[in-house]
Amino acid sequence: MKKTIRIILLLLVVLGAAFFILRTPDTDRTEMIAKYGNEASRFLDDGHGGKIHYRDEGNKDGPPILLIHGSNSLLQTWEPLVALLGDKYRMISLDLYGHGLTGPNPTGAYDAETNIATALKILDAVGVDKAYWVGNSRGGWITWRAGLSVPDRTSGLVLIDASGAQIEQTGTPYLGARLAQSWIGQLLLPEITPRLLVKSSLEESFAQPERLTEELVDRYWELLRFPGNRQATLDRGKTPREPEKWGEVGTLKMPVLILWGEQDQVIPLAHARAFAAAIPQSRLITYAEAGHLPMEETPEQVARDIDDWIENVTAEAAAPNPG
């Protein structure tokens with residue numbers, strides 16, 4: 001009995017020492033805002049004690065585009081598109097709750113309707129009634145869900161490697177997501193988040209690893225450790241995804257553009273085809289050299305395709321009705 005107690009105590013000491021050595025503390029809120037904010041950064045009071053980080057950039061007189069990032073991402077994922085399209089379009093981006101410089105939701109809610117309401121607060125704050133909603137991954141799920149719940153606020157939808165299709169072929173979540181789903185990840189990830197874990201997860205999302213710079217890895221790693229974001233990541237993972245909503249996707253009435261990286265292992269190309277088959281008025285474009293994040297890997301192509309599509313949508317809307 002005494003020997004067993006000694007072994008248990010020894011294990012606790014070893015685990016405690018390992019925790020102390022491996023622990024990666026939160027980053028400093030003020031330092032992160034100074035480092036990763038820019039002259040366009042604004043913070044909107046959400047009425048619950050939180051502040052939503054957003055940017056309103058580009059041509060204020062151009063058609064507005066609302067950019068919705070995916071899980072464990074941040075609004076900087078859209079910077080290449082903002083640079084390429086900003087002369088012509090009004091580019092509005094935000095850090096969703098639990099991401100970037102926004103931090104966790106004080107109410108603890110991370111469901112689709114909460115995210116849609118957050119995006120609408122930003123549109124209201126900048127005085128925009130309708131916008132083209134562009135979303136990647138989970139942000140794509142939020143985007144098509146917005147098309148269902150607030151169609152009057154959407155000029156059209158762009159789904160970039162979007163989640164939510166209910167088909168048999170599933171992808172492989174990146175390493176960080178797989179760990180977050182395990183009991184050990186639930187226990188350790190709020191306190192222990194090695195940079196290598198973040199880098200490995202990003203490598204699984206990129207088809208072109210040369211585009212994954214050390215600066216980019218640092219940004220994802222440091223903002224994941226923004227106060228409250230790691231626990232929010234776990235809380236978000238427990239939020240019901242309402243798969244039954246997939247049955248309504250065919251009722252979308254607005255124009256829909258589907259963009260997909262052919263080398264996406266997280267959400268495979270079969271999901272793109274499922275969206276295209278379910279939405280009659282949609283158009284599908286794929287990228288041979290992109291993975292899960294085409295807007296970061298092939299931004300020039302993505303920007304060109306979004307621009308061409310909006311031009312076509314605008315032209316069709318202005319064309320006289322032959323009837």
# chains A, B, ... in the order shown; residues from 1 in each chain; ligands from 1

$ select_by_dssp --residues "range 171-301 of chain A" --states "strand (DSSP E or B)" --output "list of chain:residue names"
A:Val256, A:Leu257, A:Ile258, A:Leu259, A:Trp260, A:Gly261, A:Ser282, A:Arg283, A:Leu284, A:Ile285, A:Thr286, A:Tyr287

$ write_last_selection --atoms "N, CA, C and O atoms" --output "compact mmCIF listing (two decimals), in the first residue's frame"
# COMPACT_ATOMS: atom_id res chain seq x y z
N VAL A 256 -24.85 32.08 -55.46
CA VAL A 256 -23.86 31.40 -54.61
C VAL A 256 -22.66 30.99 -55.47
O VAL A 256 -22.81 30.34 -56.50
N LEU A 257 -21.47 31.37 -55.00
CA LEU A 257 -20.22 30.95 -55.62
C LEU A 257 -19.51 30.00 -54.67
O LEU A 257 -19.37 30.29 -53.48
N ILE A 258 -19.07 28.85 -55.18
CA ILE A 258 -18.38 27.84 -54.37
C ILE A 258 -16.94 27.74 -54.87
O ILE A 258 -16.69 27.43 -56.04
N LEU A 259 -16.00 28.02 -53.99
CA LEU A 259 -14.57 27.96 -54.31
C LEU A 259 -13.93 26.89 -53.43
O LEU A 259 -14.18 26.86 -52.22
N TRP A 260 -13.06 26.04 -54.03
CA TRP A 260 -12.54 24.91 -53.26
C TRP A 260 -11.11 24.53 -53.69
O TRP A 260 -10.78 24.51 -54.88
N GLY A 261 -10.29 24.24 -52.69
CA GLY A 261 -8.96 23.71 -52.96
C GLY A 261 -9.04 22.22 -53.22
O GLY A 261 -9.56 21.46 -52.39
N SER A 282 -25.93 27.86 -58.06
CA SER A 282 -24.53 28.03 -57.65
C SER A 282 -23.57 27.80 -58.80
O SER A 282 -23.91 27.18 -59.82
N ARG A 283 -22.33 28.30 -58.61
CA ARG A 283 -21.25 28.06 -59.55
C ARG A 283 -20.06 27.53 -58.76
O ARG A 283 -19.73 28.07 -57.70
N LEU A 284 -19.41 26.47 -59.26
CA LEU A 284 -18.28 25.86 -58.56
C LEU A 284 -16.99 26.08 -59.34
O LEU A 284 -16.93 25.84 -60.55
N ILE A 285 -15.95 26.55 -58.62
CA ILE A 285 -14.61 26.71 -59.18
C ILE A 285 -13.63 26.04 -58.21
O ILE A 285 -13.71 26.25 -57.00
N THR A 286 -12.71 25.25 -58.74
CA THR A 286 -11.74 24.56 -57.89
C THR A 286 -10.32 24.99 -58.26
O THR A 286 -10.06 25.46 -59.37
N TYR A 287 -9.41 24.78 -57.30
CA TYR A 287 -8.01 25.20 -57.47
C TYR A 287 -7.09 24.01 -57.25
O TYR A 287 -7.04 23.44 -56.15

$ residues_around --residues "Leu212 in chain A" --least-positions-apart "2" --cutoff "9 Å" --atoms "only C-alpha atoms" --output "mmCIF file with all heavy atoms, in the first residue's frame"
data_model
loop_
_atom_site.group_PDB
_atom_site.id
_atom_site.type_symbol
_atom_site.label_atom_id
_atom_site.label_comp_id
_atom_site.auth_asym_id
_atom_site.auth_seq_id
_atom_site.Cartn_x
_atom_site.Cartn_y
_atom_site.Cartn_z
ATOM 1 N N LYS A 199 1.884 24.838 -35.804
ATOM 2 C CA LYS A 199 2.537 24.721 -37.115
ATOM 3 C C LYS A 199 2.102 23.445 -37.833
ATOM 4 O O LYS A 199 1.809 23.470 -39.041
ATOM 5 C CB LYS A 199 4.054 24.740 -36.950
ATOM 6 C CG LYS A 199 4.808 24.738 -38.274
ATOM 7 C CD LYS A 199 6.301 24.897 -38.075
ATOM 8 C CE LYS A 199 7.018 24.982 -39.422
ATOM 9 N NZ LYS A 199 8.487 25.178 -39.261
ATOM 10 N N LEU A 202 -1.388 23.863 -39.246
ATOM 11 C CA LEU A 202 -1.398 24.707 -40.443
ATOM 12 C C LEU A 202 -0.833 23.962 -41.642
ATOM 13 O O LEU A 202 -1.338 24.092 -42.765
ATOM 14 C CB LEU A 202 -0.600 25.980 -40.184
ATOM 15 C CG LEU A 202 -1.282 27.017 -39.284
ATOM 16 C CD1 LEU A 202 -0.294 28.104 -38.886
ATOM 17 C CD2 LEU A 202 -2.482 27.633 -39.987
ATOM 18 N N GLU A 203 0.213 23.169 -41.421
ATOM 19 C CA GLU A 203 0.802 22.404 -42.516
ATOM 20 C C GLU A 203 -0.213 21.444 -43.132
ATOM 21 O O GLU A 203 -0.183 21.194 -44.341
ATOM 22 C CB GLU A 203 2.025 21.632 -42.024
ATOM 23 C CG GLU A 203 3.240 22.521 -41.780
ATOM 24 C CD GLU A 203 4.400 21.780 -41.147
ATOM 25 O OE1 GLU A 203 4.174 20.690 -40.570
ATOM 26 O OE2 GLU A 203 5.531 22.291 -41.214
ATOM 27 N N PHE A 206 -2.411 23.505 -45.592
ATOM 28 C CA PHE A 206 -1.771 24.104 -46.762
ATOM 29 C C PHE A 206 -1.329 23.026 -47.742
ATOM 30 O O PHE A 206 -0.702 22.043 -47.359
ATOM 31 C CB PHE A 206 -0.541 24.913 -46.343
ATOM 32 C CG PHE A 206 -0.832 26.325 -45.927
ATOM 33 C CD1 PHE A 206 -1.527 26.591 -44.757
ATOM 34 C CD2 PHE A 206 -0.430 27.389 -46.705
ATOM 35 C CE1 PHE A 206 -1.801 27.889 -44.359
ATOM 36 C CE2 PHE A 206 -0.699 28.701 -46.320
ATOM 37 C CZ PHE A 206 -1.382 28.943 -45.149
ATOM 38 N N GLN A 208 0.578 24.095 -50.268
ATOM 39 C CA GLN A 208 1.864 24.678 -50.635
ATOM 40 C C GLN A 208 2.589 25.127 -49.363
ATOM 41 O O GLN A 208 2.435 26.266 -48.914
ATOM 42 C CB GLN A 208 1.664 25.879 -51.561
ATOM 43 C CG GLN A 208 0.889 25.571 -52.830
ATOM 44 C CD GLN A 208 0.697 26.804 -53.679
ATOM 45 O OE1 GLN A 208 1.646 27.351 -54.237
ATOM 46 N NE2 GLN A 208 -0.546 27.265 -53.785
ATOM 47 N N PRO A 209 3.362 24.234 -48.753
ATOM 48 C CA PRO A 209 3.987 24.556 -47.462
ATOM 49 C C PRO A 209 4.930 25.756 -47.516
ATOM 50 O O PRO A 209 5.177 26.389 -46.491
ATOM 51 C CB PRO A 209 4.754 23.267 -47.114
ATOM 52 C CG PRO A 209 4.810 22.466 -48.356
ATOM 53 C CD PRO A 209 3.655 22.867 -49.192
ATOM 54 N N GLU A 210 5.435 26.102 -48.714
ATOM 55 C CA GLU A 210 6.333 27.251 -48.799
ATOM 56 C C GLU A 210 5.620 28.564 -48.488
ATOM 57 O O GLU A 210 6.262 29.575 -48.164
ATOM 58 C CB GLU A 210 6.971 27.332 -50.192
ATOM 59 C CG GLU A 210 6.026 27.584 -51.342
ATOM 60 C CD GLU A 210 5.405 26.319 -51.909
ATOM 61 O OE1 GLU A 210 5.558 25.250 -51.274
ATOM 62 O OE2 GLU A 210 4.780 26.392 -52.978
ATOM 63 N N GLU A 214 7.194 31.507 -41.032
ATOM 64 C CA GLU A 214 7.320 31.473 -39.574
ATOM 65 C C GLU A 214 6.522 32.614 -38.948
ATOM 66 O O GLU A 214 5.959 32.468 -37.858
ATOM 67 C CB GLU A 214 8.798 31.562 -39.179
ATOM 68 C CG GLU A 214 9.638 30.370 -39.647
ATOM 69 C CD GLU A 214 9.094 29.039 -39.143
ATOM 70 O OE1 GLU A 214 8.780 28.939 -37.943
ATOM 71 O OE2 GLU A 214 8.957 28.107 -39.953
ATOM 72 N N GLU A 215 6.471 33.737 -39.627
ATOM 73 C CA GLU A 215 5.686 34.875 -39.134
ATOM 74 C C GLU A 215 4.212 34.516 -39.052
ATOM 75 O O GLU A 215 3.512 34.880 -38.088
ATOM 76 C CB GLU A 215 5.883 36.073 -40.059
ATOM 77 C CG GLU A 215 5.100 37.304 -39.647
ATOM 78 C CD GLU A 215 5.263 38.459 -40.624
ATOM 79 O OE1 GLU A 215 5.860 38.247 -41.706
ATOM 80 O OE2 GLU A 215 4.792 39.571 -40.307
ATOM 81 N N LEU A 216 3.724 33.785 -40.044
ATOM 82 C CA LEU A 216 2.326 33.366 -40.057
ATOM 83 C C LEU A 216 2.047 32.398 -38.914
ATOM 84 O O LEU A 216 1.028 32.510 -38.222
ATOM 85 C CB LEU A 216 1.991 32.715 -41.396
ATOM 86 C CG LEU A 216 0.534 32.310 -41.626
ATOM 87 C CD1 LEU A 216 -0.373 33.526 -41.596
ATOM 88 C CD2 LEU A 216 0.387 31.570 -42.951
ATOM 89 N N VAL A 217 2.958 31.454 -38.681
ATOM 90 C CA VAL A 217 2.799 30.504 -37.579
ATOM 91 C C VAL A 217 2.757 31.246 -36.248
ATOM 92 O O VAL A 217 1.917 30.967 -35.377
ATOM 93 C CB VAL A 217 3.933 29.460 -37.587
ATOM 94 C CG1 VAL A 217 3.825 28.549 -36.361
ATOM 95 C CG2 VAL A 217 3.892 28.623 -38.860
ATOM 96 N N GLU A 297 -3.457 30.677 -50.128
ATOM 97 C CA GLU A 297 -2.524 29.976 -51.006
ATOM 98 C C GLU A 297 -2.549 30.485 -52.442
ATOM 99 O O GLU A 297 -1.510 30.580 -53.098
ATOM 100 C CB GLU A 297 -2.825 28.477 -50.981
ATOM 101 C CG GLU A 297 -2.518 27.807 -49.663
ATOM 102 C CD GLU A 297 -2.465 26.305 -49.798
ATOM 103 O OE1 GLU A 297 -1.409 25.780 -50.200
ATOM 104 O OE2 GLU A 297 -3.491 25.659 -49.508
#

$ closest_residue --among "A:Gly171, A:Gly139, A:Pro151, A:Pro280" --to "His69 in chain A" --atoms "only C-alpha atoms"
A:Gly139

$ closest_residue --among "A:Ile167, A:Val249, A:Leu189, A:Ile267" --to "Glu204 in chain A" --atoms "only C-alpha atoms"
A:Ile267

$ closest_residue --among "A:Pro63, A:Pro268, A:Pro25, A:Gly237" --to "Ala165 in chain A" --atoms "only C-alpha atoms"
A:Pro268

$ select_by_dssp --residues "range 46-223 of chain A" --states "helix (DSSP H, G or I)" --output "VMD selection string"
chain A and resid 75 to 85 112 to 125 138 to 149 151 to 153 175 to 180 183 to 188 195 to 205 209 to 211 214 to 223

$ residues_around --residues "range 233-236 of chain A" --least-positions-apart "5" --cutoff "8 Å" --atoms "only C-alpha atoms" --output "short mmCIF file (atom, residue, chain, number, x, y, z; two decimals) with C-alpha atoms, in the first residue's frame"
data_model
loop_
_atom_site.label_atom_id
_atom_site.label_comp_id
_atom_site.auth_asym_id
_atom_site.auth_seq_id
_atom_site.Cartn_x
_atom_site.Cartn_y
_atom_site.Cartn_z
CA ASN A 72 -8.97 28.79 -35.04
CA GLY A 98 -13.03 33.10 -29.41
CA GLY A 108 -20.51 31.56 -23.71
CA ALA A 109 -22.51 31.10 -26.94
CA TYR A 110 -20.79 30.01 -30.19
CA ASP A 111 -23.69 28.70 -32.28
CA ALA A 180 -9.38 19.22 -28.97
CA GLN A 186 -9.79 19.03 -23.19
#

$ residues_around --residues "Glu113 in chain A" --least-positions-apart "5" --cutoff "12 Å" --atoms "only C-alpha atoms" --output "list of chain:residue names"
A:Thr118, A:Ala119, A:Leu120, A:Trp141, A:Ile142, A:Thr143, A:Trp144, A:Arg145, A:Ala146, A:Gly147, A:Leu148, A:Ser149, A:Val150, A:Thr239, A:Pro240, A:Arg241, A:Glu242

$ closest_residue --among "A:Gly70, A:Pro243, A:Gly50, A:Pro299" --to "Leu159 in chain A" --atoms "only C-alpha atoms"
A:Gly70
